[in-house]
$ cat input29.cif   # mmCIF, C-alpha atoms
data_protein
#
loop_
_atom_site.label_atom_id
_atom_site.label_comp_id
_atom_site.auth_asym_id
_atom_site.auth_seq_id
_atom_site.Cartn_x
_atom_site.Cartn_y
_atom_site.Cartn_z
CA MET A 24 -48.88 -6.77 17.97
CA THR A 25 -48.94 -3.06 17.11
CA ARG A 26 -48.88 -2.39 13.39
CA THR A 27 -46.31 0.00 11.95
CA VAL A 28 -47.17 2.46 9.19
CA LEU A 29 -44.41 4.10 7.13
CA ILE A 30 -45.49 7.55 5.89
CA ILE A 31 -43.38 9.00 3.06
CA GLU A 32 -44.60 12.58 2.67
CA ASP A 33 -42.61 15.80 2.25
CA ASN A 34 -45.42 18.22 3.16
CA PRO A 35 -45.04 18.85 6.92
CA GLY A 36 -48.71 19.61 7.52
CA ILE A 37 -49.99 16.53 5.68
CA GLY A 38 -47.30 14.33 7.21
CA GLU A 39 -48.21 15.40 10.72
CA LEU A 40 -51.93 14.95 10.04
CA VAL A 41 -51.42 11.41 8.75
CA CYS A 42 -49.17 10.56 11.72
CA MET A 43 -51.83 11.75 14.15
CA GLN A 44 -54.53 9.68 12.44
CA VAL A 45 -52.36 6.56 12.43
CA ALA A 46 -51.67 7.05 16.14
CA ASP A 47 -55.38 7.51 16.81
CA LEU A 48 -55.93 4.08 15.22
CA GLY A 49 -53.53 2.56 17.74
CA MET A 50 -50.70 2.09 15.26
CA ARG A 51 -47.09 3.24 15.21
CA ALA A 52 -46.26 5.95 12.67
CA ILE A 53 -42.85 6.52 11.08
CA LEU A 54 -42.57 9.71 9.00
CA VAL A 55 -39.91 10.14 6.30
CA THR A 56 -39.80 13.16 3.99
CA ARG A 57 -37.67 11.86 1.09
CA GLY A 58 -38.41 9.04 -1.31
CA ASP A 59 -34.95 7.47 -1.21
CA GLU A 60 -34.86 7.59 2.59
CA GLY A 61 -38.35 6.12 2.78
CA LEU A 62 -37.32 3.20 0.59
CA ALA A 63 -34.23 2.63 2.72
CA ARG A 64 -36.38 2.55 5.87
CA PHE A 65 -38.83 0.14 4.23
CA ARG A 66 -36.00 -2.22 3.37
CA GLN A 67 -35.03 -2.38 7.04
CA GLY A 68 -38.27 -4.33 7.59
CA GLY A 69 -41.03 -4.25 10.17
CA ILE A 70 -43.43 -2.15 8.05
CA ASP A 71 -47.08 -3.21 7.77
CA LEU A 72 -48.40 -0.40 5.52
CA VAL A 73 -46.84 2.34 3.39
CA ILE A 74 -48.62 5.66 2.84
CA LEU A 75 -46.76 7.17 -0.09
CA ASP A 76 -46.89 10.65 -1.60
CA LEU A 77 -46.52 10.82 -5.36
CA MET A 78 -44.24 13.87 -5.60
CA LEU A 79 -41.17 13.47 -3.41
CA PRO A 80 -37.58 14.72 -3.31
CA GLY A 81 -34.82 12.17 -3.78
CA MET A 82 -37.02 9.59 -5.53
CA ASP A 83 -40.60 10.03 -6.73
CA GLY A 84 -43.46 7.95 -5.39
CA LEU A 85 -43.83 5.85 -8.54
CA ALA A 86 -40.21 4.74 -8.36
CA VAL A 87 -40.51 4.01 -4.64
CA CYS A 88 -43.64 1.95 -5.22
CA ARG A 89 -41.97 -0.03 -7.99
CA GLU A 90 -39.01 -0.82 -5.72
CA ILE A 91 -41.30 -1.83 -2.84
CA ARG A 92 -43.08 -4.28 -5.11
CA SER A 93 -39.76 -5.80 -6.15
CA CYS A 94 -39.02 -6.68 -2.52
CA PRO A 95 -40.02 -10.11 -1.16
CA GLY A 96 -43.29 -10.35 0.74
CA TYR A 97 -46.39 -8.21 0.42
CA VAL A 98 -46.98 -4.87 2.16
CA PRO A 99 -49.98 -2.73 1.10
CA VAL A 100 -49.32 0.72 -0.39
CA LEU A 101 -51.74 3.65 -0.19
CA MET A 102 -50.70 6.40 -2.60
CA LEU A 103 -51.50 10.08 -2.06
CA THR A 104 -52.09 12.07 -5.26
CA ALA A 105 -53.35 15.44 -6.43
CA LYS A 106 -56.83 15.57 -7.94
CA SER A 107 -55.46 16.69 -11.32
CA SER A 108 -53.09 13.73 -11.76
CA GLU A 109 -55.37 10.97 -13.09
CA LEU A 110 -52.58 9.61 -15.28
CA ASP A 111 -50.23 9.44 -12.30
CA ARG A 112 -52.87 7.60 -10.26
CA VAL A 113 -53.21 5.01 -13.01
CA LEU A 114 -49.44 4.69 -13.23
CA GLY A 115 -49.31 4.26 -9.47
CA LEU A 116 -51.79 1.41 -9.66
CA GLU A 117 -49.76 -0.17 -12.45
CA MET A 118 -46.67 0.05 -10.25
CA GLY A 119 -48.49 -1.94 -7.58
CA ALA A 120 -50.19 0.58 -5.31
CA ASP A 121 -53.25 -0.98 -3.67
CA ASP A 122 -55.29 2.18 -3.45
CA TYR A 123 -55.00 5.93 -3.81
CA LEU A 124 -56.38 8.92 -1.95
CA THR A 125 -56.69 12.34 -3.57
CA LYS A 126 -55.67 15.53 -1.80
CA PRO A 127 -57.23 17.25 0.01
CA PHE A 128 -58.77 14.41 2.04
CA ASN A 129 -60.53 14.22 5.37
CA VAL A 130 -59.22 12.14 8.25
CA ALA A 131 -62.32 9.93 8.37
CA GLU A 132 -61.72 8.82 4.80
CA LEU A 133 -58.03 8.24 5.48
CA ALA A 134 -58.92 6.09 8.50
CA ALA A 135 -61.41 4.10 6.42
CA ARG A 136 -58.77 3.39 3.78
CA ILE A 137 -56.18 2.29 6.35
CA LYS A 138 -58.61 -0.03 8.12
CA ALA A 139 -59.85 -1.45 4.80
CA LEU A 140 -56.30 -2.28 3.69
CA PHE A 141 -55.59 -4.11 6.94
CA ARG A 142 -58.88 -6.02 6.68
CA ARG A 143 -57.74 -7.10 3.25
CA VAL A 144 -54.36 -8.24 4.59
CA ASP A 145 -56.09 -10.23 7.34
CA ALA A 146 -58.48 -11.79 4.83
CA MET A 147 -55.57 -12.79 2.60
CA ALA A 148 -53.84 -14.47 5.53
CA ALA A 149 -57.01 -16.30 6.52
CA ARG A 150 -57.61 -17.40 2.94
CA ALA A 151 -54.04 -18.69 2.61
CA SER A 152 -54.49 -20.84 5.71
CA ASP A 153 -57.95 -22.13 4.74
CA SER A 154 -57.42 -25.55 3.21
CA SER A 155 -61.13 -25.78 2.32
CA GLU A 156 -60.88 -23.05 -0.32
CA PRO A 157 -61.02 -24.39 -3.89
CA GLU A 158 -57.63 -24.65 -5.54
CA GLU A 159 -58.75 -23.15 -8.82
CA LEU A 160 -61.69 -21.43 -10.49
CA VAL A 161 -62.11 -21.87 -14.24
CA ALA A 162 -64.23 -19.84 -16.66
CA GLY A 163 -63.56 -20.43 -20.33
CA GLU A 164 -59.85 -19.83 -20.94
CA LEU A 165 -59.54 -17.98 -17.62
CA ARG A 166 -58.10 -19.81 -14.60
CA ILE A 167 -57.82 -18.26 -11.13
CA ASP A 168 -55.64 -19.77 -8.42
CA PRO A 169 -56.70 -18.13 -5.13
CA ALA A 170 -54.07 -19.77 -2.95
CA ARG A 171 -51.18 -18.46 -5.05
CA HIS A 172 -52.88 -15.28 -6.28
CA ARG A 173 -52.22 -16.22 -9.88
CA VAL A 174 -54.36 -15.82 -12.98
CA TYR A 175 -53.93 -17.52 -16.35
CA ILE A 176 -55.43 -17.14 -19.81
CA GLY A 177 -54.77 -20.54 -21.35
CA GLU A 178 -51.17 -21.30 -20.41
CA SER A 179 -50.11 -17.64 -20.11
CA GLU A 180 -49.93 -16.07 -16.66
CA ILE A 181 -51.52 -12.62 -16.39
CA ASP A 182 -49.80 -10.03 -14.21
CA LEU A 183 -52.45 -8.48 -11.94
CA THR A 184 -52.04 -6.09 -9.05
CA ALA A 185 -53.32 -7.24 -5.66
CA ARG A 186 -56.46 -5.13 -5.97
CA GLU A 187 -57.16 -6.32 -9.51
CA PHE A 188 -56.92 -9.90 -8.30
CA ASP A 189 -59.35 -9.21 -5.44
CA LEU A 190 -61.82 -7.61 -7.84
CA LEU A 191 -61.60 -10.49 -10.31
CA TRP A 192 -61.93 -13.10 -7.56
CA HIS A 193 -65.01 -11.34 -6.15
CA PHE A 194 -66.66 -11.31 -9.58
CA ALA A 195 -65.74 -14.91 -10.40
CA SER A 196 -66.94 -16.15 -7.02
CA HIS A 197 -70.41 -14.70 -7.72
CA ARG A 198 -71.05 -15.62 -11.34
CA GLY A 199 -74.04 -13.94 -12.89
CA ARG A 200 -74.68 -11.63 -9.93
CA VAL A 201 -74.86 -7.93 -10.76
CA PHE A 202 -72.90 -5.53 -8.54
CA SER A 203 -73.20 -1.77 -8.48
CA ARG A 204 -70.07 0.35 -8.14
CA ALA A 205 -70.98 1.16 -4.54
CA GLN A 206 -71.37 -2.54 -3.71
CA LEU A 207 -67.99 -3.31 -5.26
CA LEU A 208 -66.35 -0.55 -3.22
CA ASP A 209 -67.83 -2.04 -0.06
CA ALA A 210 -66.96 -5.64 -0.91
CA VAL A 211 -63.51 -5.27 -2.49
CA TRP A 212 -62.12 -2.03 -1.12
CA GLY A 213 -63.88 -2.16 2.23
CA TYR A 214 -65.21 1.39 2.10
CA ASN A 215 -67.75 3.40 0.17
CA HIS A 216 -67.32 7.15 -0.11
CA GLU A 217 -69.51 9.19 -2.41
CA GLY A 218 -67.65 10.23 -5.53
CA TYR A 219 -65.16 7.35 -5.54
CA GLU A 220 -67.08 5.07 -7.88
CA HIS A 221 -64.57 6.10 -10.57
CA THR A 222 -62.04 3.98 -8.65
CA VAL A 223 -64.09 0.93 -9.65
CA ASN A 224 -64.28 2.08 -13.27
CA THR A 225 -60.51 2.52 -13.45
CA HIS A 226 -59.81 -0.95 -12.07
CA ILE A 227 -62.40 -2.67 -14.25
CA ASN A 228 -61.04 -1.01 -17.39
CA ARG A 229 -57.49 -2.05 -16.51
CA LEU A 230 -58.62 -5.58 -15.61
CA ARG A 231 -60.49 -5.93 -18.92
CA ASN A 232 -57.41 -4.80 -20.83
CA LYS A 233 -55.48 -7.64 -19.22
CA ILE A 234 -57.92 -10.57 -19.36
CA GLU A 235 -60.43 -9.91 -22.13
CA PRO A 236 -59.83 -11.15 -25.70
CA ASP A 237 -61.57 -7.94 -26.84
CA PRO A 238 -61.82 -5.30 -24.07
CA ALA A 239 -64.30 -3.32 -26.18
CA ASP A 240 -66.64 -6.33 -26.22
CA PRO A 241 -65.90 -8.05 -22.88
CA THR A 242 -66.58 -11.73 -22.33
CA TYR A 243 -65.82 -12.12 -18.63
CA ILE A 244 -66.71 -8.82 -16.93
CA GLN A 245 -69.90 -7.57 -18.53
CA THR A 246 -71.59 -4.19 -18.13
CA VAL A 247 -75.24 -4.15 -17.11
CA TRP A 248 -76.25 -0.70 -18.27
CA GLY A 249 -77.71 1.51 -15.59
CA VAL A 250 -76.97 -1.03 -12.85
CA GLY A 251 -73.33 -2.13 -12.71
CA TYR A 252 -71.25 -5.16 -13.67
CA ARG A 253 -71.41 -8.95 -13.56
CA PHE A 254 -69.14 -11.89 -14.31
CA MET A 255 -70.09 -14.23 -17.15
CA ASP A 256 -72.72 -16.75 -16.08
#
$ encode --input "input29.cif" --output "structure tokens"
Amino acid sequence: MTRTVLIIEDNPGIGELVCMQVADLGMRAILVTRGDEGLARFRQGGIDLVILDLMLPGMDGLAVCREIRSCPGYVPVLMLTAKSSELDRVLGLEMGADDYLTKPFNVAELAARIKALFRRVDAMAARASDSSEPEELVAGELRIDPARHRVYIGESEIDLTAREFDLLWHFASHRGRVFSRAQLLDAVWGYNHEGYEHTVNTHINRLRNKIEPDPADPTYIQTVWGVGYRFMD
């Protein structure tokens, strides 16, 4: 079945470029130029991926992303941001965006992000149907339920984004193994472009703030200076 990508972008040149790349990947592209209209189209259903600009007329990208995440079911969101808006990128991730791409971007990188997000969706579906997967992984006070995508510290559930969960699960499934930022990009994001290692840093910092008793002295996700990161052994 052909996948459908909803593109919410008010810049005509960028919108057309993204539509062409989506079509080249054998997918159907729907372009909407206003945030409120994009959300209305999403709510009609049949969307497999949303590519969402941050600055939009009608409703900004952060508000659209928040509303998408309040809808039932899971659809990945790729947010487009300006290079100068680091705070907005972080806010976008907090609102539930799966990944972000800074403008200007090249079409090869855009294609890699789209394909990586769909590989992740397929892996999630396969994992959900795999009855052999362990029900729960426990490390200290931390409990991870892969089937339900839930994480607990003691009896308290921790609210993680989809990408944060994937990153934590990858670490916890390979206790003691050290991963470089490039390896984490390959394994968790499904791509590795030079200069995007800061994406890993951002997610690890946010993940530590949510699960660590003391983020400044982490117990679970430990830094191996000059190499990368590892999960507690």
$ resolve_selection --input "input29.cif" --expression "the PyMOL selection byres ((chain A and resi 68) around 12)" --output "ChimeraX atom specification"
/A:27-29,61-67,69-73,91,94-98
$ write_last_selection --input "input29.cif" --atoms "C-alpha atoms" --output "PDB file, in the frame of the given file"
ATOM      1  CA  THR A  27     -46.310   0.000  11.950  1.00  0.00           C
ATOM      2  CA  VAL A  28     -47.170   2.460   9.190  1.00  0.00           C
ATOM      3  CA  LEU A  29     -44.410   4.100   7.130  1.00  0.00           C
ATOM      4  CA  GLY A  61     -38.350   6.120   2.780  1.00  0.00           C
ATOM      5  CA  LEU A  62     -37.320   3.200   0.590  1.00  0.00           C
ATOM      6  CA  ALA A  63     -34.230   2.630   2.720  1.00  0.00           C
ATOM      7  CA  ARG A  64     -36.380   2.550   5.870  1.00  0.00           C
ATOM      8  CA  PHE A  65     -38.830   0.140   4.230  1.00  0.00           C
ATOM      9  CA  ARG A  66     -36.000  -2.220   3.370  1.00  0.00           C
ATOM     10  CA  GLN A  67     -35.030  -2.380   7.040  1.00  0.00           C
ATOM     11  CA  GLY A  69     -41.030  -4.250  10.170  1.00  0.00           C
ATOM     12  CA  ILE A  70     -43.430  -2.150   8.050  1.00  0.00           C
ATOM     13  CA  ASP A  71     -47.080  -3.210   7.770  1.00  0.00           C
ATOM     14  CA  LEU A  72     -48.400  -0.400   5.520  1.00  0.00           C
ATOM     15  CA  VAL A  73     -46.840   2.340   3.390  1.00  0.00           C
ATOM     16  CA  ILE A  91     -41.300  -1.830  -2.840  1.00  0.00           C
ATOM     17  CA  CYS A  94     -39.020  -6.680  -2.520  1.00  0.00           C
ATOM     18  CA  PRO A  95     -40.020 -10.110  -1.160  1.00  0.00           C
ATOM     19  CA  GLY A  96     -43.290 -10.350   0.740  1.00  0.00           C
ATOM     20  CA  TYR A  97     -46.390  -8.210   0.420  1.00  0.00           C
ATOM     21  CA  VAL A  98     -46.980  -4.870   2.160  1.00  0.00           C
TER      22      VAL A  98
END
$ closest_atom_pairs --input "input29.cif" --of "segment 227-255 of chain A" --to "segment 193-206 of chain A" --cutoff "9 Å" --atoms "all atoms listed in the file" --output "JSON lines"
{"residue": "A:Tyr243", "atom": "CA", "partner": "A:Ala195", "partner_atom": "CA", "distance": 8.7}
{"residue": "A:Ile244", "atom": "CA", "partner": "A:Phe194", "partner_atom": "CA", "distance": 7.8}
{"residue": "A:Thr246", "atom": "CA", "partner": "A:Val201", "partner_atom": "CA", "distance": 8.9}
{"residue": "A:Val247", "atom": "CA", "partner": "A:Val201", "partner_atom": "CA", "distance": 7.4}
{"residue": "A:Val250", "atom": "CA", "partner": "A:Ser203", "partner_atom": "CA", "distance": 5.8}
{"residue": "A:Gly251", "atom": "CA", "partner": "A:Ser203", "partner_atom": "CA", "distance": 4.2}
{"residue": "A:Tyr252", "atom": "CA", "partner": "A:Val201", "partner_atom": "CA", "distance": 5.4}
{"residue": "A:Arg253", "atom": "CA", "partner": "A:Val201", "partner_atom": "CA", "distance": 4.6}
{"residue": "A:Phe254", "atom": "CA", "partner": "A:Arg198", "partner_atom": "CA", "distance": 5.1}
{"residue": "A:Met255", "atom": "CA", "partner": "A:Gly199", "partner_atom": "CA", "distance": 5.8}
$ resolve_selection --input "input29.cif" --expression "the PyMOL selection byres ((chain A and resi 38) around 12)" --output "list in words"
Leu29, Ile30, Ile31, Glu32, Asp33, Asn34, Pro35, Gly36, Ile37, Glu39, Leu40, Val41, Cys42, Met43, Gln44, Val45, Ala52, Ile53, Leu54, Val55, Thr56, Arg57, Ile74, Leu75, Asp76 and Leu103 of chain A
$ write_last_selection --input "input29.cif" --atoms "C-alpha atoms" --output "compact mmCIF listing (two decimals), in the coordinates of the input"
# COMPACT_ATOMS: atom_id res chain seq x y z
CA LEU A 29 -44.41 4.10 7.13
CA ILE A 30 -45.49 7.55 5.89
CA ILE A 31 -43.38 9.00 3.06
CA GLU A 32 -44.60 12.58 2.67
CA ASP A 33 -42.61 15.80 2.25
CA ASN A 34 -45.42 18.22 3.16
CA PRO A 35 -45.04 18.85 6.92
CA GLY A 36 -48.71 19.61 7.52
CA ILE A 37 -49.99 16.53 5.68
CA GLU A 39 -48.21 15.40 10.72
CA LEU A 40 -51.93 14.95 10.04
CA VAL A 41 -51.42 11.41 8.75
CA CYS A 42 -49.17 10.56 11.72
CA MET A 43 -51.83 11.75 14.15
CA GLN A 44 -54.53 9.68 12.44
CA VAL A 45 -52.36 6.56 12.43
CA ALA A 52 -46.26 5.95 12.67
CA ILE A 53 -42.85 6.52 11.08
CA LEU A 54 -42.57 9.71 9.00
CA VAL A 55 -39.91 10.14 6.30
CA THR A 56 -39.80 13.16 3.99
CA ARG A 57 -37.67 11.86 1.09
CA ILE A 74 -48.62 5.66 2.84
CA LEU A 75 -46.76 7.17 -0.09
CA ASP A 76 -46.89 10.65 -1.60
CA LEU A 103 -51.50 10.08 -2.06
$ resolve_selection --input "input29.cif" --expression "the PyMOL selection byres ((chain A and resi 163-175) around 12)" --output "VMD selection string"
chain A and resid 97 146 to 162 176 to 196 230 233 to 236 242 to 244 254 to 256
$ atom_distance --input "input29.cif" --atom1 "atom CA of Val144 of chain A" --atom2 "atom CA of Gly58 of chain A"
24.2 Å
$ closest_residue --input "input29.cif" --among "A:Ala120, A:Pro99, A:Trp248, A:Ala46" --to "Gly84 of chain A" --atoms "all atoms listed in the file"
A:Ala120
$ atom_distance --input "input29.cif" --atom1 "atom CA of Leu114 of chain A" --atom2 "atom CA of Glu132 of chain A"
22.2 Å
$ atom_distance --input "input29.cif" --atom1 "atom CA of Arg143 of chain A" --atom2 "atom CA of Trp212 of chain A"
8.0 Å
$ closest_residue --input "input29.cif" --among "A:Asp122, A:Asp47, A:Asp240, A:Asp209" --to "Thr104 of chain A" --atoms "only C-alpha atoms"
A:Asp122
$ closest_residue --input "input29.cif" --among "A:Arg229, A:Ala139, A:Gly81, A:Val100" --to "Gly213 of chain A" --atoms "all atoms listed in the file"
A:Ala139
$ decode --input "input29.cif" --residues "segment 162-174 of chain A" --atoms "all heavy atoms" --output "PDB file, in the first residue's frame"
ATOM      1  N   ALA A 162      16.220  -2.342  35.552  1.00  0.00           N
ATOM      2  CA  ALA A 162      17.563  -1.932  35.965  1.00  0.00           C
ATOM      3  C   ALA A 162      17.408  -0.985  37.141  1.00  0.00           C
ATOM      4  O   ALA A 162      16.989   0.163  36.969  1.00  0.00           O
ATOM      5  CB  ALA A 162      18.302  -1.256  34.813  1.00  0.00           C
ATOM      6  N   GLY A 163      17.719  -1.473  38.342  1.00  0.00           N
ATOM      7  CA  GLY A 163      17.509  -0.654  39.526  1.00  0.00           C
ATOM      8  C   GLY A 163      16.041  -0.316  39.686  1.00  0.00           C
ATOM      9  O   GLY A 163      15.171  -1.176  39.638  1.00  0.00           O
ATOM     10  N   GLU A 164      15.739   0.968  39.846  1.00  0.00           N
ATOM     11  CA  GLU A 164      14.352   1.426  39.965  1.00  0.00           C
ATOM     12  C   GLU A 164      13.673   1.596  38.611  1.00  0.00           C
ATOM     13  O   GLU A 164      12.474   1.864  38.534  1.00  0.00           O
ATOM     14  CB  GLU A 164      14.313   2.765  40.716  1.00  0.00           C
ATOM     15  CG  GLU A 164      14.669   2.663  42.181  1.00  0.00           C
ATOM     16  CD  GLU A 164      13.578   1.925  42.948  1.00  0.00           C
ATOM     17  OE1 GLU A 164      12.409   2.326  42.883  1.00  0.00           O
ATOM     18  OE2 GLU A 164      13.921   0.916  43.611  1.00  0.00           O
ATOM     19  N   LEU A 165      14.440   1.452  37.542  1.00  0.00           N
ATOM     20  CA  LEU A 165      13.928   1.695  36.189  1.00  0.00           C
ATOM     21  C   LEU A 165      13.322   0.427  35.604  1.00  0.00           C
ATOM     22  O   LEU A 165      13.940  -0.630  35.605  1.00  0.00           O
ATOM     23  CB  LEU A 165      15.074   2.184  35.301  1.00  0.00           C
ATOM     24  CG  LEU A 165      14.753   2.479  33.833  1.00  0.00           C
ATOM     25  CD1 LEU A 165      13.837   3.680  33.723  1.00  0.00           C
ATOM     26  CD2 LEU A 165      16.045   2.727  33.055  1.00  0.00           C
ATOM     27  N   ARG A 166      12.088   0.525  35.108  1.00  0.00           N
ATOM     28  CA  ARG A 166      11.428  -0.591  34.425  1.00  0.00           C
ATOM     29  C   ARG A 166      10.974  -0.131  33.051  1.00  0.00           C
ATOM     30  O   ARG A 166      10.362   0.927  32.904  1.00  0.00           O
ATOM     31  CB  ARG A 166      10.210  -1.080  35.218  1.00  0.00           C
ATOM     32  CG  ARG A 166      10.551  -1.678  36.567  1.00  0.00           C
ATOM     33  CD  ARG A 166       9.339  -2.296  37.228  1.00  0.00           C
ATOM     34  NE  ARG A 166       8.343  -1.313  37.588  1.00  0.00           N
ATOM     35  CZ  ARG A 166       7.103  -1.263  37.108  1.00  0.00           C
ATOM     36  NH1 ARG A 166       6.714  -2.125  36.180  1.00  0.00           N
ATOM     37  NH2 ARG A 166       6.252  -0.341  37.524  1.00  0.00           N
ATOM     38  N   ILE A 167      11.265  -0.960  32.038  1.00  0.00           N
ATOM     39  CA  ILE A 167      10.910  -0.640  30.657  1.00  0.00           C
ATOM     40  C   ILE A 167      10.004  -1.736  30.118  1.00  0.00           C
ATOM     41  O   ILE A 167      10.369  -2.913  30.128  1.00  0.00           O
ATOM     42  CB  ILE A 167      12.166  -0.514  29.767  1.00  0.00           C
ATOM     43  CG1 ILE A 167      13.181   0.442  30.392  1.00  0.00           C
ATOM     44  CG2 ILE A 167      11.786  -0.046  28.363  1.00  0.00           C
ATOM     45  CD1 ILE A 167      14.510   0.453  29.680  1.00  0.00           C
ATOM     46  N   ASP A 168       8.839  -1.343  29.644  1.00  0.00           N
ATOM     47  CA  ASP A 168       7.875  -2.262  29.053  1.00  0.00           C
ATOM     48  C   ASP A 168       7.866  -2.025  27.549  1.00  0.00           C
ATOM     49  O   ASP A 168       7.246  -1.076  27.061  1.00  0.00           O
ATOM     50  CB  ASP A 168       6.481  -2.001  29.642  1.00  0.00           C
ATOM     51  CG  ASP A 168       5.443  -2.980  29.127  1.00  0.00           C
ATOM     52  OD1 ASP A 168       5.690  -3.628  28.089  1.00  0.00           O
ATOM     53  OD2 ASP A 168       4.376  -3.102  29.759  1.00  0.00           O
ATOM     54  N   PRO A 169       8.546  -2.880  26.774  1.00  0.00           N
ATOM     55  CA  PRO A 169       8.673  -2.632  25.336  1.00  0.00           C
ATOM     56  C   PRO A 169       7.375  -2.819  24.563  1.00  0.00           C
ATOM     57  O   PRO A 169       7.149  -2.153  23.556  1.00  0.00           O
ATOM     58  CB  PRO A 169       9.730  -3.646  24.895  1.00  0.00           C
ATOM     59  CG  PRO A 169       9.641  -4.745  25.893  1.00  0.00           C
ATOM     60  CD  PRO A 169       9.282  -4.088  27.194  1.00  0.00           C
ATOM     61  N   ALA A 170       6.532  -3.719  25.011  1.00  0.00           N
ATOM     62  CA  ALA A 170       5.294  -3.985  24.284  1.00  0.00           C
ATOM     63  C   ALA A 170       4.350  -2.786  24.352  1.00  0.00           C
ATOM     64  O   ALA A 170       3.663  -2.474  23.375  1.00  0.00           O
ATOM     65  CB  ALA A 170       4.619  -5.231  24.852  1.00  0.00           C
ATOM     66  N   ARG A 171       4.324  -2.118  25.492  1.00  0.00           N
ATOM     67  CA  ARG A 171       3.412  -0.987  25.680  1.00  0.00           C
ATOM     68  C   ARG A 171       4.107   0.365  25.558  1.00  0.00           C
ATOM     69  O   ARG A 171       3.456   1.404  25.687  1.00  0.00           O
ATOM     70  CB  ARG A 171       2.737  -1.091  27.049  1.00  0.00           C
ATOM     71  CG  ARG A 171       1.863  -2.331  27.193  1.00  0.00           C
ATOM     72  CD  ARG A 171       1.315  -2.452  28.607  1.00  0.00           C
ATOM     73  NE  ARG A 171       0.484  -3.631  28.758  1.00  0.00           N
ATOM     74  CZ  ARG A 171       0.945  -4.859  28.997  1.00  0.00           C
ATOM     75  NH1 ARG A 171       2.249  -5.049  29.107  1.00  0.00           N
ATOM     76  NH2 ARG A 171       0.126  -5.887  29.113  1.00  0.00           N
ATOM     77  N   HIS A 172       5.411   0.339  25.321  1.00  0.00           N
ATOM     78  CA  HIS A 172       6.186   1.579  25.215  1.00  0.00           C
ATOM     79  C   HIS A 172       6.007   2.443  26.460  1.00  0.00           C
ATOM     80  O   HIS A 172       5.760   3.653  26.373  1.00  0.00           O
ATOM     81  CB  HIS A 172       5.796   2.357  23.954  1.00  0.00           C
ATOM     82  CG  HIS A 172       6.641   2.005  22.771  1.00  0.00           C
ATOM     83  ND1 HIS A 172       7.297   2.937  22.022  1.00  0.00           N
ATOM     84  CD2 HIS A 172       6.946   0.806  22.222  1.00  0.00           C
ATOM     85  CE1 HIS A 172       7.965   2.337  21.058  1.00  0.00           C
ATOM     86  NE2 HIS A 172       7.769   1.042  21.157  1.00  0.00           N
ATOM     87  N   ARG A 173       6.162   1.809  27.616  1.00  0.00           N
ATOM     88  CA  ARG A 173       6.033   2.536  28.868  1.00  0.00           C
ATOM     89  C   ARG A 173       7.282   2.358  29.717  1.00  0.00           C
ATOM     90  O   ARG A 173       7.919   1.309  29.686  1.00  0.00           O
ATOM     91  CB  ARG A 173       4.800   2.059  29.638  1.00  0.00           C
ATOM     92  CG  ARG A 173       3.488   2.454  28.962  1.00  0.00           C
ATOM     93  CD  ARG A 173       2.289   1.980  29.747  1.00  0.00           C
ATOM     94  NE  ARG A 173       1.052   2.445  29.132  1.00  0.00           N
ATOM     95  CZ  ARG A 173      -0.162   2.117  29.544  1.00  0.00           C
ATOM     96  NH1 ARG A 173      -0.307   1.317  30.602  1.00  0.00           N
ATOM     97  NH2 ARG A 173      -1.236   2.586  28.938  1.00  0.00           N
ATOM     98  N   VAL A 174       7.599   3.397  30.475  1.00  0.00           N
ATOM     99  CA  VAL A 174       8.785   3.403  31.323  1.00  0.00           C
ATOM    100  C   VAL A 174       8.372   3.878  32.711  1.00  0.00           C
ATOM    101  O   VAL A 174       7.592   4.828  32.854  1.00  0.00           O
ATOM    102  CB  VAL A 174       9.879   4.327  30.749  1.00  0.00           C
ATOM    103  CG1 VAL A 174      11.064   4.425  31.697  1.00  0.00           C
ATOM    104  CG2 VAL A 174      10.332   3.821  29.376  1.00  0.00           C
TER     105      VAL A 174
END
